[in-house]
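Peer 1: Below is one structure. I have some questions about it.
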Protein chains: 2
Amino acid sequence: VDEFELIRRFFLQHEKGAGVEIGIGDDGAVVAPAPDRRLVVVADTIIAGVHYPPDLPASDVGYRAVAVNLSDIAAMGGTPRWMTLALTLTEADEPWLEGFAGGLFAAAREHDVALVGGDTTRGSQTVITVQLLGDVAPDAVMTRAGANPGDGIYVTGSVGDAAAGLSLLKNSSNREAHEDTTWLVGRFSRPVARVRVAASIAGIATAAIDLSDGLGTDLAKLLRASNAGGSIELDSLPLSAPLRRMFSHDQVQRFALDGGDDYELCFTANADDHERIGELAAQHATAVTRIGTTEPGAGLFCIRNGKRLPYEDHGYRHF
Amino acid sequence: VDEFELIRRFFLQHEKGAGVEIGIGDDGAVVAPAPDRRLVVVADTIIAGVHYPPDLPASDVGYRAVAVNLSDIAAMGGTPRWMTLALTLTEADEPWLEGFAGGLFAAAREHDVALVGGDTTRGSQTVITVQLLGDVAPDAVMTRAGANPGDGIYVTGSVGDAAAGLSLLKNSSNREAHEDTTWLVGRFSRPVARVRVAASIAGIATAAIDLSDGLGTDLAKLLRASNAGGSIELDSLPLSAPLRRMFSHDQVQRFALDGGDDYELCFTANADDHERIGELAAQHATAVTRIGTTEPGAGLFCIRNGKRLPYEDHGYRHF
């Protein structure tokens with residue numbers, strides 16, 4: 001197969017998608033943005049052996065490539081619309097491509113996202129960049145800046161599961177098909193982007209960030225962008241039952257604070273909005289937990305048993 | 001340096017750019033599309049050792065990464081606006097990054113394109129994906145489909161130079177610093193996207209494609225998309241003086257017909273518009289040459305000395 005045939009076979013969909021006037025197959029795509037909306041633009045790359053184990057099932061790779069971008073759109077308060085795929089492959093492995101496309105479109109369909117174009121190339125390593133376009137009402141844009149001292153710090157879902165799942169994947173030789181293991185691995189391989197709950201709190205949150213590098217690292221970024229400090233109560237971190245059952249207290253702590261890949265939403269909001277946030281969380285059947293408070297000054301602190309310690313950054317760095 | 005510092009140092013610009021409300025540094029960018037315009041979305045990847053020689057100067061790599069995408073926007077009749085950069089590097093080589101960013105922004109500035117976001121990652125090979133957003137009036141969109149039998153086939157600039165330049169680059173050990181050599185190499189390393197002349201003919205052209213894989217291959221794609229056939233007069237192909245001086249007649253022919261990377265615009269238009277096209281070409285100081293005619297039926301044919309032969313596709317394939 002050449003790359004044109006490959007695109008036709010695996011990536012051309014029957015339906016062009018909402019707002020798509022020209023999709024895959026020309027020099028570029030043409031889409032119709034909604035009037036009175038702003039465009040949100042994100043792009044994230046995942047690389048075999050860097051962002052995921054090379055033997056991760058192809059459908060999970062496809063799902064993840066989209067999900068990490070959905071999560072960025074969510075963190076801006078946006079609604080995902082259209083994406084392009086830049087796919088660098090080591091070979092045209094058809095079963096792999098079929099699985100990959102299946103996972104990619106599964107994630108896309110959950111949010112009515114259309115694949116409108118991209119580029120397929122050959123390289124020495126699998127490198128996947130998805131670029132996602134969303135839209136957002138001008139007054140619903142969330143950024144990392146905007147947290148005010150005294151705001152509550154919130155996080156969706158639970159933290160640490162994905163890092164725990166990845167550690168289980170990497171040691172899969174001695175892994176039994178345990179229910180907890182499967183659940184934790186799934187949290188890594190099929191992250192749930194918090195698109196809908198994020199859009200619902202977009203008018204309320206004062207700042208937001210998605211958790212890709214780890215709660216501590218990412219929350220510290222939000223605080224820096226907001227020119228604020230903050231502290232979190234370690235005992236209030238939302239931890240899943242499988243995580244607590246499978247790992248020691250110290251491991252759980254490390255995964256929850258330093259582990260990346262959760263793709264949960266971390267945000268801040270005025271204390272007056274606490275009740276409203278609870279209502280919205282219930283509406284979207286998504287756990288939203290208050291884990292701390294922003295403060296004047298700078299820096300992130302962790303509190304346990306009344307003891308307050310500066311957070312030491314162990315987040316992932318590429319270089 | 002970590003990747004955040006790297007982005008701050010090399011890719012953060014003083015000015016956010018027109019229409020950019022939130023640029024680099026948050027989870028995503030927010031831009032304001034012009035009302036009553038459609039959005040054009042393109043994404044192209046270039047890989048060291050695949051799309052360009054690994055020792056190509058970093059500034060040329062940066063320039064090229066943008067130019068190949070500008071060319072796709074041009075082929076749709078669009079005006080480029082905003083881009084993201086997905087940059088996979090083998091190491092954080094600061095002089096290389098400085099050169100790369102210089103070339104990238106040089107190409108961007110020529111068309112007032114703002115870099116609004118992206119992702120920087122580490123891999124085993126340099127892989128660069130630029131995704132470019134442009135806008136276009138709904139009635140000015142050009143596609144590959146739409147050529148009618150009897151339309152003239154046109155091409156901008158000259159063809160074959162870039163492939164010739166690349167062949168000179170690859171054999172640079174025995175290359176003298178000859179003026180013609182430098183010019184041909186420049187046609188490969190710094191392609192000029194035909195953005196403005198393309199926008200000016202957008203209301204006139206019946207179909208358009210940019211030349212990335214080679215004139216024969218790409219024109220055949222346009223004809224297929226238009227359900228038309230066509231023929232080109234080989235003696236009418238626009239050939240640069242340096243190309244003709246440096247290579248044999250047969251080599252020139254092969255570069256012009258099968259050589260990729262020209263990033264010229266190939267388009268079709270009704271014979272009645274021939275004069276108007278000449279005027280627009282003069283206005284934009286860009287050569288536009290009629291090289292053939294579209295026909296009923298299918299397939300691309302080459303005519304020389306009255307002899308008509310089917311075009312045999314030698315264009316580049318990845319797999």
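Chains: A, B, ... in order of the structure tokens. Residues: from 1 per chain. Ligands: from 1, in order shown.
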Counting only C-alpha atoms, which residues from chain A have an atom at most 8 Å from any atom of chain B, and could you show them as a PyMOL selection string?
Peer 2: chain A and resi 1-3+26-33+35-45+47+50+72-73+75-76+84-86+91-92+116-125+127+129+131+143-144+209-210+317-319
Peer 1: Find the residues around Gly297 (chain A) up to 12 Å (only C-alpha atoms counted), leave out those fewer than 3 positions away in its own chain, and share them as a PDB file with N, CA and C atoms, in the first residue's frame.
Peer 2:
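Output file part18.pdb is given in full below:
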```pdb
ATOM      1  N   ASN A 148      -7.575  33.226  42.566  1.00  0.00           N
ATOM      2  CA  ASN A 148      -7.421  34.265  43.587  1.00  0.00           C
ATOM      3  C   ASN A 148      -7.142  33.622  44.933  1.00  0.00           C
ATOM      4  N   PRO A 149      -6.315  34.240  45.774  1.00  0.00           N
ATOM      5  CA  PRO A 149      -6.053  33.682  47.107  1.00  0.00           C
ATOM      6  C   PRO A 149      -7.372  33.395  47.831  1.00  0.00           C
ATOM      7  N   GLY A 150      -7.458  32.232  48.419  1.00  0.00           N
ATOM      8  CA  GLY A 150      -8.679  31.834  49.120  1.00  0.00           C
ATOM      9  C   GLY A 150      -9.598  30.959  48.286  1.00  0.00           C
ATOM     10  N   LEU A 223      -0.616  27.678  39.686  1.00  0.00           N
ATOM     11  CA  LEU A 223      -0.392  28.702  40.715  1.00  0.00           C
ATOM     12  C   LEU A 223       0.582  29.765  40.208  1.00  0.00           C
ATOM     13  N   ARG A 224       1.649  29.316  39.526  1.00  0.00           N
ATOM     14  CA  ARG A 224       2.617  30.265  38.989  1.00  0.00           C
ATOM     15  C   ARG A 224       1.945  31.201  37.984  1.00  0.00           C
ATOM     16  N   SER A 226      -1.054  32.060  37.916  1.00  0.00           N
ATOM     17  CA  SER A 226      -2.021  32.914  38.623  1.00  0.00           C
ATOM     18  C   SER A 226      -1.339  33.865  39.593  1.00  0.00           C
ATOM     19  N   ASN A 227      -0.011  33.809  39.674  1.00  0.00           N
ATOM     20  CA  ASN A 227       0.715  34.587  40.697  1.00  0.00           C
ATOM     21  C   ASN A 227       0.163  34.323  42.089  1.00  0.00           C
ATOM     22  N   ALA A 228      -0.050  33.068  42.409  1.00  0.00           N
ATOM     23  CA  ALA A 228      -0.605  32.709  43.705  1.00  0.00           C
ATOM     24  C   ALA A 228       0.166  31.535  44.278  1.00  0.00           C
ATOM     25  N   GLY A 229       0.023  31.329  45.577  1.00  0.00           N
ATOM     26  CA  GLY A 229       0.515  30.116  46.206  1.00  0.00           C
ATOM     27  C   GLY A 229      -0.676  29.216  46.483  1.00  0.00           C
ATOM     28  N   GLY A 230      -0.404  28.089  47.144  1.00  0.00           N
ATOM     29  CA  GLY A 230      -1.517  27.209  47.486  1.00  0.00           C
ATOM     30  C   GLY A 230      -1.048  26.030  48.299  1.00  0.00           C
ATOM     31  N   SER A 231      -1.979  25.398  48.961  1.00  0.00           N
ATOM     32  CA  SER A 231      -1.634  24.200  49.726  1.00  0.00           C
ATOM     33  C   SER A 231      -2.701  23.140  49.507  1.00  0.00           C
ATOM     34  N   THR A 294      -6.039  28.057  47.578  1.00  0.00           N
ATOM     35  CA  THR A 294      -4.981  28.953  47.088  1.00  0.00           C
ATOM     36  C   THR A 294      -4.696  30.014  48.147  1.00  0.00           C
ATOM     37  N   LEU A 300       3.735  25.825  46.073  1.00  0.00           N
ATOM     38  CA  LEU A 300       2.733  24.820  46.451  1.00  0.00           C
ATOM     39  C   LEU A 300       3.224  24.093  47.693  1.00  0.00           C
ATOM     40  N   PHE A 301       2.327  23.948  48.652  1.00  0.00           N
ATOM     41  CA  PHE A 301       2.667  23.245  49.895  1.00  0.00           C
ATOM     42  C   PHE A 301       1.735  22.056  50.091  1.00  0.00           C
TER      43      PHE A 301
END
```
Peer 1: Could you please write out, as a ChimeraX atom specification, every residue of region 28-254 of chain B that DSSP assigns to strand (DSSP E or B)?
Peer 2: /B:29-31,38-48,52,79-89,114-122,127-136,152-156,207-210,229-233
Peer 1: From the list B:Arg304, B:His249, B:Arg190, B:Arg81, which residue is nearest Ala65 (chain B) when using only C-alpha atoms?
Peer 2: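 Counting only C-alpha atoms, the residue closest to Ala65 (chain B) is B:Arg190.
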Peer 1: Taking only C-alpha atoms into account, name the residue in A:Asp161, A:Glu264, A:Asp112, A:Glu179 that is nearest to Ser240 (chain A).
Peer 2: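 Among the listed residues, A:Asp161 lies closest to Ser240 (chain A).
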Peer 1: When you look at Ala58 (chain B) with a cut-off of 9 Å (counting only C-alpha atoms), what residues show up, excluding the ones that are within fewer than 3 positions of it in the same chain? I need them as a list in words.
Peer 2: Asp55, Val61, Gly62, Tyr63, Pro95, Trp96, Leu97, Glu98, Gly99, Phe100, Ala101, Gly102 and Gly103 of chain B
Peer 1: Just all heavy atoms for this one: save the residues we selected as an mmCIF file, in the first residue's frame.
Peer 2:
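Once everything was written out, this is again_32.cif:
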```cif
data_model
loop_
_atom_site.group_PDB
_atom_site.id
_atom_site.type_symbol
_atom_site.label_atom_id
_atom_site.label_comp_id
_atom_site.auth_asym_id
_atom_site.auth_seq_id
_atom_site.Cartn_x
_atom_site.Cartn_y
_atom_site.Cartn_z
ATOM 1 N N ASP B 55 21.822 16.932 7.508
ATOM 2 C CA ASP B 55 22.738 18.051 7.754
ATOM 3 C C ASP B 55 22.262 19.367 7.131
ATOM 4 O O ASP B 55 23.022 20.332 7.067
ATOM 5 C CB ASP B 55 24.148 17.700 7.259
ATOM 6 C CG ASP B 55 24.149 17.352 5.773
ATOM 7 O OD1 ASP B 55 23.054 17.248 5.175
ATOM 8 O OD2 ASP B 55 25.244 17.171 5.204
ATOM 9 N N VAL B 61 15.617 24.073 7.794
ATOM 10 C CA VAL B 61 14.640 23.083 8.274
ATOM 11 C C VAL B 61 13.414 23.810 8.835
ATOM 12 O O VAL B 61 12.267 23.473 8.520
ATOM 13 C CB VAL B 61 15.256 22.156 9.341
ATOM 14 C CG1 VAL B 61 14.201 21.190 9.879
ATOM 15 C CG2 VAL B 61 16.450 21.389 8.774
ATOM 16 N N GLY B 62 13.670 24.839 9.648
ATOM 17 C CA GLY B 62 12.569 25.606 10.230
ATOM 18 C C GLY B 62 11.739 26.307 9.166
ATOM 19 O O GLY B 62 10.501 26.294 9.198
ATOM 20 N N TYR B 63 12.427 26.902 8.196
ATOM 21 C CA TYR B 63 11.736 27.610 7.121
ATOM 22 C C TYR B 63 10.855 26.648 6.325
ATOM 23 O O TYR B 63 9.682 26.902 6.065
ATOM 24 C CB TYR B 63 12.754 28.278 6.190
ATOM 25 C CG TYR B 63 12.134 29.229 5.204
ATOM 26 C CD1 TYR B 63 12.044 30.583 5.491
ATOM 27 C CD2 TYR B 63 11.621 28.763 3.992
ATOM 28 C CE1 TYR B 63 11.450 31.462 4.592
ATOM 29 C CE2 TYR B 63 11.022 29.639 3.091
ATOM 30 C CZ TYR B 63 10.949 30.979 3.396
ATOM 31 O OH TYR B 63 10.348 31.847 2.513
ATOM 32 N N PRO B 95 22.156 25.548 19.788
ATOM 33 C CA PRO B 95 22.421 26.265 18.529
ATOM 34 C C PRO B 95 21.481 25.814 17.405
ATOM 35 O O PRO B 95 20.993 26.636 16.618
ATOM 36 C CB PRO B 95 23.874 25.892 18.207
ATOM 37 C CG PRO B 95 24.470 25.509 19.521
ATOM 38 C CD PRO B 95 23.360 24.884 20.317
ATOM 39 N N TRP B 96 21.210 24.512 17.350
ATOM 40 C CA TRP B 96 20.280 24.016 16.334
ATOM 41 C C TRP B 96 18.901 24.638 16.528
ATOM 42 O O TRP B 96 18.259 25.102 15.575
ATOM 43 C CB TRP B 96 20.197 22.482 16.387
ATOM 44 C CG TRP B 96 19.463 21.894 15.201
ATOM 45 C CD1 TRP B 96 19.995 21.473 14.022
ATOM 46 C CD2 TRP B 96 18.034 21.706 15.092
ATOM 47 N NE1 TRP B 96 19.000 21.028 13.182
ATOM 48 C CE2 TRP B 96 17.789 21.159 13.805
ATOM 49 C CE3 TRP B 96 16.957 21.947 15.934
ATOM 50 C CZ2 TRP B 96 16.505 20.848 13.358
ATOM 51 C CZ3 TRP B 96 15.671 21.640 15.484
ATOM 52 C CH2 TRP B 96 15.455 21.098 14.208
ATOM 53 N N LEU B 97 18.442 24.642 17.773
ATOM 54 C CA LEU B 97 17.111 25.186 18.079
ATOM 55 C C LEU B 97 17.024 26.666 17.723
ATOM 56 O O LEU B 97 15.996 27.119 17.217
ATOM 57 C CB LEU B 97 16.792 24.992 19.559
ATOM 58 C CG LEU B 97 16.191 23.633 19.883
ATOM 59 C CD1 LEU B 97 16.313 23.334 21.368
ATOM 60 C CD2 LEU B 97 14.722 23.591 19.454
ATOM 61 N N GLU B 98 18.095 27.387 17.978
ATOM 62 C CA GLU B 98 18.083 28.808 17.672
ATOM 63 C C GLU B 98 17.972 29.017 16.155
ATOM 64 O O GLU B 98 17.175 29.833 15.697
ATOM 65 C CB GLU B 98 19.360 29.456 18.207
ATOM 66 C CG GLU B 98 19.234 30.954 18.277
ATOM 67 C CD GLU B 98 20.421 31.601 18.971
ATOM 68 O OE1 GLU B 98 21.105 30.907 19.760
ATOM 69 O OE2 GLU B 98 20.657 32.787 18.709
ATOM 70 N N GLY B 99 18.744 28.238 15.392
ATOM 71 C CA GLY B 99 18.662 28.324 13.936
ATOM 72 C C GLY B 99 17.287 27.920 13.429
ATOM 73 O O GLY B 99 16.684 28.605 12.594
ATOM 74 N N PHE B 100 16.783 26.811 13.964
ATOM 75 C CA PHE B 100 15.468 26.305 13.562
ATOM 76 C C PHE B 100 14.383 27.351 13.795
ATOM 77 O O PHE B 100 13.579 27.645 12.906
ATOM 78 C CB PHE B 100 15.163 25.018 14.329
ATOM 79 C CG PHE B 100 13.790 24.484 14.090
ATOM 80 C CD1 PHE B 100 13.510 23.721 12.965
ATOM 81 C CD2 PHE B 100 12.757 24.764 14.971
ATOM 82 C CE1 PHE B 100 12.227 23.242 12.726
ATOM 83 C CE2 PHE B 100 11.469 24.280 14.741
ATOM 84 C CZ PHE B 100 11.213 23.528 13.618
ATOM 85 N N ALA B 101 14.383 27.902 15.015
ATOM 86 C CA ALA B 101 13.353 28.903 15.353
ATOM 87 C C ALA B 101 13.491 30.123 14.443
ATOM 88 O O ALA B 101 12.480 30.689 13.999
ATOM 89 C CB ALA B 101 13.467 29.305 16.819
ATOM 90 N N GLY B 102 14.724 30.514 14.126
ATOM 91 C CA GLY B 102 14.942 31.657 13.243
ATOM 92 C C GLY B 102 14.315 31.431 11.874
ATOM 93 O O GLY B 102 13.609 32.298 11.346
ATOM 94 N N GLY B 103 14.534 30.260 11.295
ATOM 95 C CA GLY B 103 13.962 29.933 9.991
ATOM 96 C C GLY B 103 12.449 29.824 10.039
ATOM 97 O O GLY B 103 11.740 30.297 9.151
#
```
Peer 1: By how many Å are CA of Tyr154 (chain A) and CA of Thr268 (chain A) apart?
Peer 2: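 It comes out at 6.0 Å.
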Peer 1: Which of region 37-202 of chain B counts as helix (DSSP H, G or I) under DSSP, as a VMD selection string please?
Peer 2: chain B and resid 58 to 75 94 to 110 138 to 140 161 to 170 172 to 174 179 to 189 195 to 201
Peer 1: Using Å and a single decimal, report how far CA of Ser59 (chain A) sits from CA of Pro238 (chain A).
Peer 2: 28.4 Å
Peer 1: Excluding region 277-279 of chain A and residues on its chain fewer than 3 positions from it, collect all residues at most 10 Å away from it, counting only C-alpha atoms, and give them as a count of residues only.
Peer 2: 20
Peer 1: Here is a test: counting only C-alpha atoms, which residue of B:Asn305, B:Ser172, B:Ser212, B:Thr156 is nearest to Ile291 (chain B)?
Peer 2: B:Thr156
Peer 1: Hey, can you check how far CA of Ala18 (chain B) sits from CA of Ala193 (chain B)?
Peer 2: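 Distance between the two atoms: 20.7 Å.
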Peer 1: Taking 3 positions as the minimum chain separation for residues in the same chain, which residues sit within 8 Å of Gly165 (chain B) when counting only C-alpha atoms? Answer as number ranges by chain.
Peer 2: B: 161-162, 168-169, 181, 183-188
Peer 1: Take the residues just selected and output them with N, CA and C atoms as a short mmCIF file (atom, residue, chain, number, x, y, z; two decimals), in the first residue's frame.
Peer 2:
```cif
data_model
loop_
_atom_site.label_atom_id
_atom_site.label_comp_id
_atom_site.auth_asym_id
_atom_site.auth_seq_id
_atom_site.Cartn_x
_atom_site.Cartn_y
_atom_site.Cartn_z
N ASP B 161 13.39 22.40 -10.08
CA ASP B 161 14.55 23.00 -9.41
C ASP B 161 14.83 22.34 -8.05
N ALA B 162 13.78 22.10 -7.29
CA ALA B 162 13.97 21.61 -5.92
C ALA B 162 14.58 20.21 -5.94
N LEU B 168 21.85 17.84 -5.73
CA LEU B 168 23.14 18.52 -5.54
C LEU B 168 23.56 18.48 -4.07
N LEU B 169 22.57 18.69 -3.18
CA LEU B 169 22.84 18.64 -1.73
C LEU B 169 23.39 17.28 -1.33
N THR B 181 24.31 26.28 -8.52
CA THR B 181 24.13 25.27 -7.48
C THR B 181 23.43 25.88 -6.27
N TRP B 183 21.60 28.48 -6.09
CA TRP B 183 20.21 28.85 -6.40
C TRP B 183 19.30 27.62 -6.38
N LEU B 184 19.76 26.54 -6.99
CA LEU B 184 18.94 25.31 -7.04
C LEU B 184 18.77 24.72 -5.64
N VAL B 185 19.84 24.69 -4.86
CA VAL B 185 19.74 24.18 -3.48
C VAL B 185 18.75 25.03 -2.69
N GLY B 186 18.79 26.34 -2.89
CA GLY B 186 17.86 27.24 -2.21
C GLY B 186 16.41 26.96 -2.57
N ARG B 187 16.19 26.51 -3.79
CA ARG B 187 14.82 26.17 -4.22
C ARG B 187 14.32 24.95 -3.45
N PHE B 188 15.23 24.07 -3.02
CA PHE B 188 14.82 22.96 -2.16
C PHE B 188 14.68 23.41 -0.71
#
```
